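Everything on this sheet refers to the single structure shown next.
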Amino acid sequence: MQTLIISQIDKVVTSAADIPVVFANANIAYTPVTCVNWQERFPYKPSMNFAVAHTGDALLLHYRVEEQCVRAVAQKDQDRVWEDSCAEFFIMPVGDGIYYNVECNCAGKLLVAAGKGRKGRQPLPESLMMGIDRWASLGTEPFDIREVPTYWELALILPATTFFLHEFNSFKGLSAKGNVYKCGDGLPEPHFISWNPIATDAPDFHRPEFFGQIVFV
């Protein structure tokens with residue numbers, strides 16, 4: 001399993017739209033997402049890389065994606081965003097088995113929940129969802145399939161309160177686990193790629209036993 005080192009940025013970042021420039025100025029490294037885990041059934045691999053940093057009390061995420069076509073049908077947060085062109089960040093902040101799935105389509109619609117497995121997950125309260133700032137290069141209005149090669153970016157600011165089943169004042173020093181995914185269940189070529197490999201017979205991102213190491217410094 002791979003290890004991701006998440007560095008702290010000593011800068012107040014209040015707008016997700018600023019993250020690409022902030023990361024460039026801070027020389028934050030981007031990591032490719034390249035594991036095609038179910039090659040025979042779902043061979044398509046869009047280009048995707050991501051970068052993560054933290055400000056102590058918030059996580060900053062930036063995705064860069066290029067794919068053959070895009071889709072953003074979800075009308076609101078907590079809709080079926082995984083059926084759209086979707087980037088996903090799963091993280092288990094501490095070793096208690098509880099992990100969070102932060103799934104966001106290319107128009108900035110989010111699905112966030114927490115739990116120890118696929119079943120019985122607790123959705124992020126709406127009041128906390130509203131605290132997640134997001135920026136999408138394709139805009140925030142839903143749209144149906146666009147069958148044309150498209151490059152898009154997505155940035156998120158996740159306050160520590162997003163991880164609502166835990167209480168911690170700072171990400172600094174945390175030793176976590178997680179994975180990063182790109183999917184699109186409802187696209188003409190469904191795909192399921194990941195940062196760390198998943199050894200299951202069928203697509204399943206809710207598998208914390210295959211999470212990689214995440215170290216906050």
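Chain identifiers are assigned as A, B, and so on, following the order in which chains appear in the structure tokens; residues are numbered from 1 within each chain, and ligands are numbered from 1 in order of appearance.
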
For Ala114 (chain A): contacts at 6 Å, only C-alpha atoms, fewer than 2 positions along chain excluded, given as a list in words
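Using only C-alpha atoms, the neighbours found are Tyr99, Tyr100, Arg121 and Gln122 of chain A.
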
Export N, CA, C and O atoms of the chosen residues as a PDB file, in the first residue's frame?
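Okay, part_6.pdb is ready:
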ATOM      1  N   TYR A  99     -14.831   5.478   8.973  1.00  0.00           N
ATOM      2  CA  TYR A  99     -14.257   6.237   7.854  1.00  0.00           C
ATOM      3  C   TYR A  99     -15.337   7.084   7.199  1.00  0.00           C
ATOM      4  O   TYR A  99     -16.539   6.833   7.348  1.00  0.00           O
ATOM      5  N   TYR A 100     -14.889   8.106   6.500  1.00  0.00           N
ATOM      6  CA  TYR A 100     -15.775   9.050   5.826  1.00  0.00           C
ATOM      7  C   TYR A 100     -15.615   8.911   4.316  1.00  0.00           C
ATOM      8  O   TYR A 100     -14.493   8.804   3.824  1.00  0.00           O
ATOM      9  N   ARG A 121     -24.617   3.814   7.101  1.00  0.00           N
ATOM     10  CA  ARG A 121     -23.787   5.006   7.155  1.00  0.00           C
ATOM     11  C   ARG A 121     -24.621   6.221   7.552  1.00  0.00           C
ATOM     12  O   ARG A 121     -25.784   6.348   7.188  1.00  0.00           O
ATOM     13  N   GLN A 122     -23.992   7.128   8.300  1.00  0.00           N
ATOM     14  CA  GLN A 122     -24.661   8.334   8.773  1.00  0.00           C
ATOM     15  C   GLN A 122     -24.318   9.503   7.860  1.00  0.00           C
ATOM     16  O   GLN A 122     -23.133   9.843   7.707  1.00  0.00           O
TER      17      GLN A 122
END

Step one, run DSSP on the backbone; step two, keep only residues of chain A assigned to alpha helix (DSSP H); then write them as a PyMOL selection string.
chain A and resi 19-26+126-129

Any chance you can output those residues with C-alpha atoms as a PDB file, in the first residue's frame?
ATOM      1  CA  ILE A  19      -6.580  26.250  -3.884  1.00  0.00           C
ATOM      2  CA  PRO A  20      -4.908  25.609  -7.281  1.00  0.00           C
ATOM      3  CA  VAL A  21      -2.807  28.777  -6.965  1.00  0.00           C
ATOM      4  CA  VAL A  22      -2.101  28.198  -3.264  1.00  0.00           C
ATOM      5  CA  PHE A  23      -0.878  24.678  -4.037  1.00  0.00           C
ATOM      6  CA  ALA A  24       1.296  25.898  -6.909  1.00  0.00           C
ATOM      7  CA  ASN A  25       2.913  28.544  -4.709  1.00  0.00           C
ATOM      8  CA  ALA A  26       3.494  26.017  -1.911  1.00  0.00           C
ATOM      9  CA  GLU A 126     -26.939  19.607   6.234  1.00  0.00           C
ATOM     10  CA  SER A 127     -25.671  22.396   8.488  1.00  0.00           C
ATOM     11  CA  LEU A 128     -22.146  20.970   8.251  1.00  0.00           C
ATOM     12  CA  MET A 129     -22.445  20.234   4.528  1.00  0.00           C
TER      13      MET A 129
END

Can you tell me, as number ranges by chain, what residues are no more than 10 Å from Met92 (chain A) when counting only C-alpha atoms, ignoring any on the same chain fewer than 3 positions away?
A: 95-101, 114-116, 163, 175-179, 208, 211, 213-214

Shell around Ile132 (chain A) at 10 Å using only C-alpha atoms, local window under 6 positions removed, as a ChimeraX atom specification
/A:15-16,58,110,156-159,161-162

Okay, now the selection with C-alpha atoms, as a compact mmCIF listing (two decimals), in the first residue's frame?
# COMPACT_ATOMS: atom_id res chain seq x y z
CA SER A 15 -12.20 30.05 -0.96
CA ALA A 16 -11.81 26.69 -2.71
CA ALA A 58 -9.25 22.14 7.45
CA LEU A 110 -21.38 16.36 -2.66
CA LEU A 156 -12.81 21.46 -1.78
CA ILE A 157 -12.22 22.93 1.67
CA LEU A 158 -13.26 20.38 4.30
CA PRO A 159 -13.37 21.88 7.81
CA THR A 161 -16.26 19.61 11.55
CA THR A 162 -16.92 17.63 8.33

Quick check, in Å to one decimal: how far apart do CA of Gly212 (chain A) and CA of Phe50 (chain A) lie?
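Taking CA of Gly212 (chain A) and CA of Phe50 (chain A), their separation equals 14.7 Å.
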
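Of the residues listed (A:Arg80, A:Asp18, A:Thr3, A:Val70), A:Val70 shows the shortest atom-to-atom separation from Leu187 (chain A); distances use only C-alpha atoms.
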
Measure the distance from CA of Leu61 (chain A) to CA of Asn169 (chain A) in Å and round it to one decimal.
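Here the two named atoms are 18.9 Å from each other.
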
Restrict the calculation to only C-alpha atoms, then for each residue of region 43-115 of chain A with any atom at most 8 Å from an atom of region 134-141 of chain A give the closest atom pair and their distance in Å to one decimal, rows by chain and rising residue number, as a Markdown table.
| residue | atom | partner | partner_atom | distance |
| --- | --- | --- | --- | --- |
| A:Cys106 | CA | A:Ala136 | CA | 6.3 |
| A:Ala107 | CA | A:Thr140 | CA | 4.4 |
| A:Gly108 | CA | A:Ala136 | CA | 5.7 |
| A:Lys109 | CA | A:Thr140 | CA | 7.7 |

Min atom-atom distance to Ile5 (chain A) from the set A:Phe216, A:Ser170, A:Cys104, A:Met48, counting only C-alpha atoms, belongs to A:Phe216

Distance CA of Gly186 (chain A)-CA of Asp84 (chain A), one decimal place?
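Pair CA of Gly186 (chain A) / CA of Asp84 (chain A) returns 6.0 Å.
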